[in-house]
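Q: Here you go, this is target-v2.cif (mmCIF, C-alpha atoms).
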```cif
data_coords
#
loop_
_atom_site.label_atom_id
_atom_site.label_comp_id
_atom_site.auth_asym_id
_atom_site.auth_seq_id
_atom_site.Cartn_x
_atom_site.Cartn_y
_atom_site.Cartn_z
CA MET F 452 -11.65 19.56 -5.43
CA SER F 453 -9.13 17.92 -7.73
CA PHE F 454 -6.11 15.96 -6.58
CA ARG F 455 -3.02 18.12 -5.99
CA PHE F 456 0.54 17.32 -4.92
CA GLU F 457 3.20 19.67 -3.50
CA ILE F 458 6.85 19.09 -2.62
CA GLU F 459 7.91 21.07 0.44
CA ALA F 460 11.50 19.94 0.95
CA THR F 461 14.11 17.67 -0.58
CA ASP F 462 17.24 16.06 0.81
CA GLY F 463 19.16 14.12 -1.79
CA ARG F 464 16.56 12.12 -3.70
CA ALA F 465 14.22 12.01 -0.72
CA ARG F 466 11.29 14.43 -0.73
CA ALA F 467 8.77 15.63 1.82
CA GLY F 468 5.47 17.02 0.64
CA ARG F 469 1.74 16.60 0.76
CA PHE F 470 -1.18 15.78 -1.48
CA PHE F 471 -4.72 17.01 -1.25
CA THR F 472 -7.85 14.88 -1.78
CA PRO F 473 -11.61 15.34 -1.27
CA HIS F 474 -11.30 13.68 2.16
CA GLY F 475 -8.28 15.61 3.41
CA GLU F 476 -4.58 16.12 2.93
CA VAL F 477 -1.78 13.61 3.41
CA GLU F 478 1.84 14.33 4.33
CA THR F 479 4.45 12.41 2.36
CA PRO F 480 6.39 10.16 2.42
CA VAL F 481 3.46 8.21 3.81
CA PHE F 482 2.91 4.63 4.89
CA MET F 483 -0.61 3.41 4.18
CA PRO F 484 -1.94 0.57 6.38
CA VAL F 485 -3.86 -2.08 4.48
CA GLY F 486 -7.54 -2.42 5.32
CA THR F 487 -8.42 -5.11 2.79
CA LEU F 488 -12.13 -5.52 3.60
CA ALA F 489 -12.66 -1.90 4.71
CA THR F 490 -11.04 -2.79 8.03
CA VAL F 491 -7.55 -3.03 9.43
CA LYS F 492 -7.95 -6.38 11.14
CA GLY F 493 -8.73 -6.00 14.83
CA VAL F 494 -8.23 -2.21 15.02
CA PRO F 495 -11.22 0.17 15.16
CA GLN F 496 -11.17 3.37 13.16
CA GLU F 497 -10.86 5.65 16.20
CA THR F 498 -7.65 3.85 17.17
CA LEU F 499 -6.28 4.33 13.66
CA GLU F 500 -7.03 8.04 14.00
CA GLU F 501 -5.25 8.16 17.36
CA LEU F 502 -2.22 6.49 15.77
CA GLY F 503 -2.12 9.22 13.14
CA VAL F 504 -3.08 7.12 10.12
CA GLN F 505 -3.57 9.60 7.28
CA ILE F 506 -4.75 7.29 4.52
CA LEU F 507 -5.88 3.66 4.27
CA LEU F 508 -5.74 1.14 1.45
CA ASN F 509 -8.84 -0.92 0.61
CA ASN F 510 -9.05 -3.83 -1.82
CA THR F 511 -11.39 -3.63 -4.82
CA TYR F 512 -11.47 -7.38 -5.48
CA HIS F 513 -12.55 -8.27 -1.95
CA LEU F 514 -15.11 -5.46 -1.63
CA TYR F 515 -16.49 -6.29 -5.07
CA LEU F 516 -17.19 -9.82 -3.85
CA ARG F 517 -18.42 -8.82 -0.40
CA PRO F 518 -20.48 -6.72 0.38
CA GLY F 519 -20.59 -5.68 -3.30
CA VAL F 520 -19.95 -2.38 -5.05
CA ASP F 521 -23.64 -1.47 -5.34
CA THR F 522 -24.11 -1.82 -1.58
CA VAL F 523 -21.13 0.43 -0.83
CA ARG F 524 -22.25 2.99 -3.42
CA GLU F 525 -25.80 3.11 -2.03
CA LEU F 526 -24.36 3.75 1.43
CA GLY F 527 -22.44 6.77 0.17
CA GLY F 528 -19.05 5.30 -0.68
CA VAL F 529 -16.45 3.40 1.27
CA GLN F 530 -15.65 6.25 3.68
CA LYS F 531 -19.23 6.50 4.92
CA PHE F 532 -19.58 2.73 4.85
CA MET F 533 -16.65 2.19 7.21
CA GLY F 534 -16.95 5.38 9.26
CA TRP F 535 -13.62 6.80 8.12
CA ASN F 536 -13.59 10.44 7.06
CA ARG F 537 -10.00 10.48 5.83
CA PRO F 538 -8.49 9.56 2.45
CA ILE F 539 -8.62 6.04 1.05
CA LEU F 540 -6.79 4.42 -1.86
CA THR F 541 -8.17 1.36 -3.64
CA ASP F 542 -6.10 -0.97 -5.75
CA SER F 543 -7.70 -2.23 -8.94
CA GLY F 544 -7.92 -5.88 -7.92
CA GLY F 545 -5.27 -6.87 -10.46
CA PHE F 546 -2.85 -8.26 -7.88
CA GLN F 547 -5.54 -10.29 -6.09
CA VAL F 548 -6.75 -11.76 -9.38
CA PHE F 549 -3.11 -12.54 -10.23
CA SER F 550 -2.74 -14.36 -6.90
CA LEU F 551 -5.70 -16.65 -7.69
CA SER F 552 -3.42 -18.50 -10.12
CA ASP F 553 -5.43 -21.58 -11.10
CA LEU F 554 -8.75 -19.74 -10.75
CA ARG F 555 -8.18 -17.14 -13.49
CA LYS F 556 -7.76 -16.78 -17.25
CA VAL F 557 -6.19 -13.66 -18.80
CA THR F 558 -7.12 -12.39 -22.27
CA GLU F 559 -6.83 -9.05 -24.05
CA ASP F 560 -10.35 -8.20 -22.89
CA GLY F 561 -9.58 -8.75 -19.21
CA VAL F 562 -9.47 -11.51 -16.61
CA ALA F 563 -12.06 -14.21 -16.00
CA PHE F 564 -11.79 -15.60 -12.48
CA ARG F 565 -13.58 -17.62 -9.86
CA SER F 566 -14.34 -16.25 -6.42
CA HIS F 567 -12.17 -17.68 -3.66
CA LEU F 568 -15.31 -17.51 -1.47
CA ASP F 569 -17.80 -19.66 -3.37
CA GLY F 570 -16.30 -20.49 -6.75
CA SER F 571 -18.70 -18.21 -8.65
CA SER F 572 -17.54 -16.86 -12.02
CA HIS F 573 -16.61 -13.20 -12.51
CA PHE F 574 -14.84 -11.00 -15.03
CA PHE F 575 -12.69 -7.89 -14.60
CA SER F 576 -11.84 -5.73 -17.57
CA PRO F 577 -10.08 -2.37 -17.30
CA GLU F 578 -13.49 -0.77 -17.71
CA SER F 579 -15.34 -2.87 -15.13
CA ALA F 580 -12.49 -2.60 -12.60
CA ILE F 581 -12.52 1.20 -12.89
CA ALA F 582 -16.34 1.17 -12.66
CA ALA F 583 -16.01 -0.75 -9.40
CA GLU F 584 -13.44 1.70 -8.06
CA ILE F 585 -15.63 4.66 -9.00
CA GLY F 586 -18.55 3.01 -7.23
CA LEU F 587 -16.50 2.38 -4.08
CA GLY F 588 -15.52 6.04 -4.11
CA ALA F 589 -11.94 6.05 -2.79
CA ASP F 590 -9.94 9.26 -3.24
CA ILE F 591 -7.14 7.56 -5.21
CA ILE F 592 -7.80 4.64 -7.54
CA MET F 593 -5.47 2.48 -9.61
CA ALA F 594 -5.51 1.55 -13.27
CA PHE F 595 -6.17 -2.13 -13.99
CA ASP F 596 -2.88 -3.92 -14.62
CA GLU F 597 -1.44 -7.39 -15.05
CA CYS F 598 0.98 -8.31 -12.28
CA THR F 599 3.83 -10.37 -13.72
CA GLU F 600 4.72 -13.46 -11.74
CA TYR F 601 8.25 -14.24 -10.54
CA PRO F 602 10.21 -15.72 -12.12
CA ALA F 603 9.11 -14.70 -15.63
CA ASP F 604 11.28 -14.80 -18.73
CA ARG F 605 11.84 -11.66 -20.75
CA SER F 606 9.23 -12.38 -23.43
CA ARG F 607 6.58 -13.00 -20.79
CA ALA F 608 7.52 -9.83 -18.85
CA GLN F 609 7.46 -7.73 -22.02
CA ALA F 610 4.10 -9.08 -23.16
CA SER F 611 2.65 -8.42 -19.72
CA MET F 612 4.06 -4.87 -19.73
CA GLU F 613 2.50 -4.19 -23.13
CA MET F 614 -0.84 -5.55 -21.90
CA THR F 615 -0.69 -3.31 -18.84
CA LEU F 616 -0.01 -0.26 -21.03
CA ARG F 617 -3.01 -1.04 -23.24
CA TRP F 618 -5.15 -1.60 -20.16
CA ALA F 619 -3.89 1.68 -18.68
CA ARG F 620 -5.19 3.57 -21.71
CA ARG F 621 -8.54 1.80 -21.47
CA SER F 622 -8.68 2.48 -17.72
CA LYS F 623 -8.08 6.19 -18.27
CA ASP F 624 -10.56 6.46 -21.14
CA TYR F 625 -13.30 4.87 -19.04
CA PHE F 626 -12.46 6.97 -16.02
CA GLU F 627 -12.59 10.22 -17.97
CA ALA F 628 -16.02 9.27 -19.35
CA HIS F 629 -17.48 8.23 -15.96
CA LYS F 630 -15.58 10.12 -13.25
CA ASP F 631 -18.64 12.22 -12.37
CA GLU F 632 -20.43 9.07 -11.14
CA VAL F 633 -18.46 8.95 -7.89
CA PRO F 634 -20.82 8.76 -4.85
CA TRP F 635 -19.81 12.13 -3.36
CA ARG F 636 -20.81 15.75 -3.51
CA GLU F 637 -20.73 17.41 -6.92
CA GLY F 638 -17.47 19.00 -7.99
CA GLN F 639 -15.20 16.39 -6.37
CA THR F 640 -13.28 13.82 -8.35
CA GLN F 641 -11.00 10.87 -7.75
CA ALA F 642 -7.38 10.62 -8.90
CA LEU F 643 -6.48 7.70 -11.18
CA PHE F 644 -2.85 6.53 -10.96
CA GLY F 645 -1.02 4.54 -13.63
CA ILE F 646 1.13 1.50 -12.79
CA VAL F 647 4.63 0.65 -14.00
CA GLN F 648 5.34 -3.02 -14.72
CA GLY F 649 8.18 -4.82 -16.50
CA GLY F 650 9.06 -7.76 -14.30
CA THR F 651 12.69 -7.94 -13.15
CA TYR F 652 14.20 -6.39 -16.29
CA PRO F 653 15.59 -2.87 -15.74
CA ASP F 654 15.18 -1.79 -19.37
CA LEU F 655 11.54 -2.91 -19.39
CA ARG F 656 10.96 -1.02 -16.14
CA ARG F 657 12.41 2.13 -17.73
CA GLU F 658 10.33 1.68 -20.88
CA SER F 659 7.17 1.02 -18.89
CA ALA F 660 7.75 4.14 -16.79
CA GLU F 661 8.35 6.35 -19.84
CA ARG F 662 5.32 5.08 -21.74
CA THR F 663 3.02 5.19 -18.71
CA VAL F 664 4.03 8.81 -18.09
CA GLN F 665 3.03 9.63 -21.68
CA LEU F 666 -0.55 8.73 -20.72
CA GLU F 667 -0.52 11.64 -18.24
CA PHE F 668 -1.82 10.34 -14.92
CA PRO F 669 -1.82 12.53 -11.77
CA GLY F 670 0.38 9.96 -10.00
CA TYR F 671 2.37 6.80 -10.76
CA ALA F 672 2.82 3.49 -8.99
CA ILE F 673 5.54 0.89 -9.36
CA GLY F 674 3.82 -2.48 -9.22
CA GLY F 675 4.62 -6.14 -9.69
CA LEU F 676 7.31 -6.26 -6.98
CA SER F 677 7.47 -8.12 -3.67
CA VAL F 678 6.06 -11.16 -5.49
CA GLY F 679 8.91 -13.50 -4.56
CA GLU F 680 11.97 -11.82 -6.08
CA PRO F 681 15.04 -11.17 -3.89
CA ARG F 682 14.89 -7.82 -2.10
CA GLU F 683 18.08 -6.73 -3.87
CA VAL F 684 16.20 -7.11 -7.15
CA THR F 685 13.29 -5.07 -5.80
CA PHE F 686 15.65 -2.20 -5.03
CA GLU F 687 17.23 -2.48 -8.48
CA MET F 688 13.84 -2.31 -10.24
CA VAL F 689 12.78 0.73 -8.21
CA ASN F 690 16.04 2.45 -9.12
CA ALA F 691 15.50 1.62 -12.78
CA ALA F 692 12.01 3.15 -12.91
CA MET F 693 12.31 6.10 -10.54
CA PRO F 694 14.35 8.54 -12.69
CA HIS F 695 11.75 8.24 -15.45
CA LEU F 696 8.79 9.28 -13.28
CA PRO F 697 8.02 13.02 -13.14
CA GLU F 698 9.32 14.80 -10.06
CA GLU F 699 6.20 16.95 -9.74
CA LYS F 700 3.88 13.96 -9.28
CA PRO F 701 3.63 11.41 -6.43
CA ARG F 702 5.37 8.06 -6.73
CA TYR F 703 3.78 5.04 -5.09
CA LEU F 704 5.67 1.79 -4.49
CA MET F 705 3.12 -0.97 -4.02
CA GLY F 706 3.36 -3.73 -1.43
CA VAL F 707 6.56 -2.93 0.52
CA GLY F 708 8.28 -3.46 2.94
CA THR F 709 10.06 -3.86 6.30
CA PRO F 710 10.66 -0.76 8.47
CA GLU F 711 14.26 -0.60 7.29
CA GLU F 712 13.20 -0.92 3.67
CA ILE F 713 10.57 1.82 3.70
CA VAL F 714 13.27 4.25 4.87
CA GLN F 715 15.51 3.14 2.00
CA TYR F 716 12.68 3.56 -0.50
CA ALA F 717 11.98 7.05 0.83
CA ALA F 718 15.67 7.77 0.16
CA GLN F 719 15.07 6.75 -3.47
CA GLY F 720 12.30 9.32 -3.81
CA VAL F 721 9.23 7.18 -3.13
CA ASP F 722 6.29 9.16 -1.70
CA MET F 723 3.73 6.46 -0.89
CA MET F 724 4.05 2.88 0.37
CA ASP F 725 1.74 0.17 1.66
CA CYS F 726 2.29 -3.30 3.05
CA VAL F 727 0.41 -6.02 4.93
CA LEU F 728 3.59 -6.87 6.86
CA PRO F 729 2.97 -4.87 10.08
CA THR F 730 -0.50 -6.36 10.53
CA ARG F 731 0.23 -9.86 9.27
CA ALA F 732 3.43 -10.15 11.30
CA ALA F 733 1.57 -8.93 14.39
CA ARG F 734 -0.93 -11.77 14.09
CA HIS F 735 2.00 -14.21 14.12
CA GLY F 736 3.69 -12.62 17.13
CA LEU F 737 6.45 -10.86 15.18
CA LEU F 738 6.92 -7.31 16.48
CA PHE F 739 9.11 -4.48 15.23
CA THR F 740 11.10 -2.40 17.72
CA SER F 741 13.91 0.14 17.75
CA LYS F 742 16.23 -2.71 18.84
CA GLY F 743 15.17 -5.09 16.09
CA ARG F 744 12.48 -7.71 15.71
CA ILE F 745 10.98 -9.60 18.60
CA SER F 746 9.09 -12.87 18.48
CA ILE F 747 6.79 -12.45 21.46
CA LYS F 748 6.11 -16.18 21.58
CA ASN F 749 9.68 -16.88 22.76
CA ALA F 750 9.98 -18.29 26.29
CA ARG F 751 12.54 -15.69 27.34
CA HIS F 752 9.75 -13.08 27.51
CA ALA F 753 7.65 -15.09 29.99
CA LYS F 754 8.81 -13.12 33.05
CA ASP F 755 10.04 -9.95 31.35
CA GLU F 756 8.55 -6.89 33.04
CA ALA F 757 9.99 -4.50 30.45
CA ALA F 758 7.96 -2.67 27.85
CA LEU F 759 8.01 -4.13 24.38
CA ASP F 760 10.01 -1.13 23.12
CA PRO F 761 11.13 1.45 25.71
CA GLY F 762 11.69 3.89 22.86
CA CYS F 763 8.08 3.64 21.66
CA ASN F 764 5.29 5.82 23.05
CA CYS F 765 2.35 3.80 21.71
CA ARG F 766 -0.43 2.78 24.08
CA VAL F 767 0.83 -0.82 24.13
CA CYS F 768 4.38 0.05 25.16
CA ARG F 769 3.17 2.55 27.75
CA ARG F 770 0.96 0.05 29.52
CA TYR F 771 1.84 -3.61 28.96
CA SER F 772 4.89 -5.76 29.66
CA ARG F 773 6.47 -8.28 27.34
CA ALA F 774 5.43 -10.97 29.81
CA TYR F 775 1.77 -10.00 29.49
CA LEU F 776 1.91 -9.79 25.70
CA ARG F 777 3.50 -13.26 25.57
CA HIS F 778 0.80 -14.59 27.91
CA LEU F 779 -1.96 -13.24 25.65
CA TYR F 780 -0.35 -14.70 22.55
CA GLY F 781 0.30 -18.08 24.14
CA SER F 782 -3.29 -18.19 25.39
CA ASN F 783 -4.59 -17.46 21.89
CA GLU F 784 -6.43 -14.41 23.16
CA LEU F 785 -7.84 -12.08 20.50
CA LEU F 786 -6.41 -9.15 22.45
CA ALA F 787 -2.92 -10.37 21.56
CA GLN F 788 -3.54 -9.76 17.87
CA VAL F 789 -5.13 -6.38 18.56
CA LEU F 790 -2.29 -5.08 20.76
CA ASN F 791 0.42 -6.50 18.53
CA THR F 792 -1.14 -4.85 15.48
CA ILE F 793 -1.48 -1.49 17.22
CA HIS F 794 2.19 -1.54 18.18
CA ASN F 795 3.46 -2.56 14.74
CA LEU F 796 1.37 0.11 13.04
CA ALA F 797 2.59 2.70 15.55
CA TYR F 798 6.18 1.71 14.83
CA TYR F 799 5.75 2.01 11.05
CA LEU F 800 3.91 5.32 11.30
CA ASP F 801 6.47 6.76 13.72
CA THR F 802 9.28 5.66 11.41
CA MET F 803 7.70 7.57 8.54
CA ARG F 804 7.08 10.64 10.71
CA ARG F 805 10.77 10.70 11.60
CA VAL F 806 11.65 10.34 7.91
CA ARG F 807 9.53 13.39 7.07
CA GLN F 808 11.04 15.41 9.91
CA ALA F 809 14.59 14.51 8.88
CA ILE F 810 13.99 15.50 5.25
CA LYS F 811 12.48 18.84 6.25
CA ALA F 812 15.38 19.53 8.62
CA GLY F 813 17.97 18.65 5.96
CA GLU F 814 19.24 15.82 8.16
CA PHE F 815 18.01 12.81 6.23
CA ALA F 816 21.49 11.58 5.33
CA ASN F 817 22.37 11.37 9.03
CA PHE F 818 19.03 9.73 9.79
CA LEU F 819 19.61 7.18 7.05
CA SER F 820 23.06 6.31 8.33
CA ASP F 821 21.58 5.44 11.73
CA VAL F 822 18.97 3.07 10.31
CA ARG F 823 19.74 -0.61 10.61
CA PRO F 824 20.61 -2.09 7.18
CA PRO F 825 17.55 -3.57 5.44
CA GLN F 826 16.88 -7.12 6.51
CA LEU F 827 16.16 -8.63 3.14
CA SER F 828 14.23 -11.68 4.28
CA VAL F 829 11.20 -11.90 6.54
CA PRO F 830 10.66 -15.06 8.61
#
```
Starting from the file, lay out its structure as structure tokens.
A:
Amino acid sequence: MSFRFEIEATDGRARAGRFFTPHGEVETPVFMPVGTLATVKGVPQETLEELGVQILLNNTYHLYLRPGVDTVRELGGVQKFMGWNRPILTDSGGFQVFSLSDLRKVTEDGVAFRSHLDGSSHFFSPESAIAAEIGLGADIIMAFDECTEYPADRSRAQASMEMTLRWARRSKDYFEAHKDEVPWREGQTQALFGIVQGGTYPDLRRESAERTVQLEFPGYAIGGLSVGEPREVTFEMVNAAMPHLPEEKPRYLMGVGTPEEIVQYAAQGVDMMDCVLPTRAARHGLLFTSKGRISIKNARHAKDEAALDPGCNCRVCRRYSRAYLRHLYGSNELLAQVLNTIHNLAYYLDTMRRVRQAIKAGEFANFLSDVRPPQLSVP
């Protein structure tokens, strides 16, 4: 089947809908946990299913290096490889290559880079990145883009935007010529999304959105944010691009954000979001609750018999006390990271479920007014 997106309800600029992929349907707005190496660190797939995860994000750069695209393809694609029979989205690897900084060189042809694992030399072009994504076999794949660093002056941001647009065309041309090579049953195809860039310049964001839409992708992402710019600027750039993306297609904001922020982005009309924050924060003892953030390492939790979040129904909050969670973390037990991650994911997923329910009920404005203001810095 081909990718398809439907809007079921709107409330202001917020929308609730669903999209359909070869590995199932996904309700939107959706939060996508990040499983970089075909795993959400410390959490088995059956637990992700129990939490209600609809779609995961995998990383092309990391899977390209290890275990390798050919290995994943021969094993039937990334879903079969990781035992996950639900949708997956892969990024193109552009952001990871960008983050290598001193280990990469960008030209019109693509990006030469050295592996962070062993220093070996590699090259990603729009064509080879899309070939890798086709071989991995995710349901949604991303065009190869250049992620502009922050801060970047206007000339740099504009040149990077122009490069991304040229690479988007090359990505689409290669995909159209090779989309039947996906390691699935015949008659099923992936969906290739385009990416909006433009740095922190609203007019460049608008131009990038308009010109990317002209290339006619089935969905559009806003990329190059959450790379060090103030959160107020992130919101401004999303607002600049959003009105220029077609309403009938899904809008994906890459790499955001805190629980408060994902609600605000849903209010702006964003349909898809991903972020490493719930899992990364969990590994550092930072937990999200209905009463705000908790650092479980703090001494005040040492004898606290209360649940982490009395308003949360996840398996961690139903069973374990704050005192026990602090003990695990202070003892450097692996279980601490596992339980913390499960709770944070549950909190994010429940937040997005409540967003969808509020939009469908026509009560999103009231829901939004009850949400704590976005905390625009993360310790």
Q: Taking 6 positions as the minimum chain separation for residues in the same chain, which residues sit within 8 Å of Val633 (chain F) when counting only C-alpha atoms? Answer as a PDB file with C-alpha atoms, keeping the file's coordinate frame.
A:
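File produced: part23.pdb:
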```
ATOM      1  CA  ILE F 585     -15.630   4.660  -9.000  1.00  0.00           C
ATOM      2  CA  GLY F 586     -18.550   3.010  -7.230  1.00  0.00           C
ATOM      3  CA  LEU F 587     -16.500   2.380  -4.080  1.00  0.00           C
ATOM      4  CA  GLY F 588     -15.520   6.040  -4.110  1.00  0.00           C
ATOM      5  CA  THR F 640     -13.280  13.820  -8.350  1.00  0.00           C
ATOM      6  CA  GLN F 641     -11.000  10.870  -7.750  1.00  0.00           C
TER       7      GLN F 641
END
```
Q: Write out as a VMD selection string which residues come within 7 Å of region 679-689 of chain F when counting only C-alpha atoms, dropping same-chain ones fewer than 3 positions away.
A: chain F and resid 601 651 653 656 676 692 to 693 827
Q: Compile the contact shell of Arg605 (chain F) as a PyMOL selection string: residues with an atom at most 9 Å away, counting all atoms listed in the file, same-chain residues fewer than 5 positions apart removed.
A: chain F and resi 610+649-652+655
Q: Sorted by chain and rising residue number, list the residues of region 588-631 of chain F at most 12 Å from region 468-474 of chain F (counting all atoms listed in the file), each with its closest atom pair and distance in Å to one decimal, as CSV.
A:
```
residue,atom,partner,partner_atom,distance
F:Gly588,CA,F:Pro473,CA,10.5
F:Ala589,CA,F:His474,CA,9.1
F:Asp590,CA,F:Thr472,CA,6.2
F:Ile591,CA,F:Thr472,CA,8.1
F:Ile592,CA,F:Thr472,CA,11.7
```
Q: Between F:Arg565, F:Arg807, F:Arg455, F:Arg555, which has the minimum distance to Ala718 (chain F) (counting only C-alpha atoms)?
A: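 For Ala718 (chain F), the nearest of the given residues is F:Arg807.
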Q: Please report the interatomic distance between CA of Ser572 (chain F) and CA of Pro634 (chain F) in Å with one decimal.
A: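 Result for CA of Ser572 (chain F) versus CA of Pro634 (chain F): 26.8 Å, one decimal.
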Q: Considering only C-alpha atoms, return as a list in words whatever protein or nucleic-acid residues lie within 10 Å of Gly545 (chain F), sequence-local ones (same chain, fewer than 2 positions apart) excluded.
A: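 What passes the distance filter is Asn510, Thr511, Tyr512, Asp542, Ser543, Gln547, Val548, Phe549, Ser550, Gly561, Val562, Phe575, Ser576, Pro577, Ala580, Met593, Ala594, Phe595, Asp596, Glu597, Cys598 and Gly675 of chain F.
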Q: Return the single residue from F:Met483, F:Ala582, F:Val557, F:Ala797 that is closest to Met614 (chain F), with distances computed using all atoms listed in the file.
A: F:Val557
Q: Starting from the shown file, work through the PyMOL selection byres ((chain F and resi 533-536) around 9) and note down what comes out as an MDAnalysis selection string.
A: chainID F and resid 474:475 489:490 496:497 500 528:532 537:539
Q: What does the distance from CA of His513 (chain F) to CA of Thr487 (chain F) come to in Å, to one decimal?
A: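 Answer for the CA of His513 (chain F) to CA of Thr487 (chain F) separation: 7.0 Å.
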Q: Would you list the contacts of Asn764 (chain F) as a PDB file with C-alpha atoms, in the frame of the given file, taking every protein, DNA or RNA residue within 12 Å and counting all atoms listed in the file, but skipping same-chain residues closer than 2 positions in sequence?
A:
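Once everything was written out, this is result.pdb:
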```
ATOM      1  CA  LEU F 502      -2.220   6.490  15.770  1.00  0.00           C
ATOM      2  CA  THR F 740      11.100  -2.400  17.720  1.00  0.00           C
ATOM      3  CA  SER F 741      13.910   0.140  17.750  1.00  0.00           C
ATOM      4  CA  ALA F 758       7.960  -2.670  27.850  1.00  0.00           C
ATOM      5  CA  LEU F 759       8.010  -4.130  24.380  1.00  0.00           C
ATOM      6  CA  ASP F 760      10.010  -1.130  23.120  1.00  0.00           C
ATOM      7  CA  PRO F 761      11.130   1.450  25.710  1.00  0.00           C
ATOM      8  CA  GLY F 762      11.690   3.890  22.860  1.00  0.00           C
ATOM      9  CA  ARG F 766      -0.430   2.780  24.080  1.00  0.00           C
ATOM     10  CA  VAL F 767       0.830  -0.820  24.130  1.00  0.00           C
ATOM     11  CA  CYS F 768       4.380   0.050  25.160  1.00  0.00           C
ATOM     12  CA  ARG F 769       3.170   2.550  27.750  1.00  0.00           C
ATOM     13  CA  ARG F 770       0.960   0.050  29.520  1.00  0.00           C
ATOM     14  CA  TYR F 771       1.840  -3.610  28.960  1.00  0.00           C
ATOM     15  CA  ILE F 793      -1.480  -1.490  17.220  1.00  0.00           C
ATOM     16  CA  HIS F 794       2.190  -1.540  18.180  1.00  0.00           C
ATOM     17  CA  ASN F 795       3.460  -2.560  14.740  1.00  0.00           C
ATOM     18  CA  ALA F 797       2.590   2.700  15.550  1.00  0.00           C
ATOM     19  CA  TYR F 798       6.180   1.710  14.830  1.00  0.00           C
ATOM     20  CA  LEU F 800       3.910   5.320  11.300  1.00  0.00           C
ATOM     21  CA  ASP F 801       6.470   6.760  13.720  1.00  0.00           C
TER      22      ASP F 801
END
```
Q: Hey, what comes out of the PyMOL selection byres ((chain F and resi 719-726) around 7) on this file? Could you write it as a list in words?
A: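 Output of the PyMOL selection byres ((chain F and resi 719-726) around 7): Arg464, Ala465, Arg466, Thr479, Pro480, Val481, Phe482, Met483, Pro484, Val485, Pro701, Arg702, Tyr703, Leu704, Met705, Gly706, Val707, Gly708, Gln715, Tyr716, Ala717, Ala718, Val727 and Leu728 of chain F.
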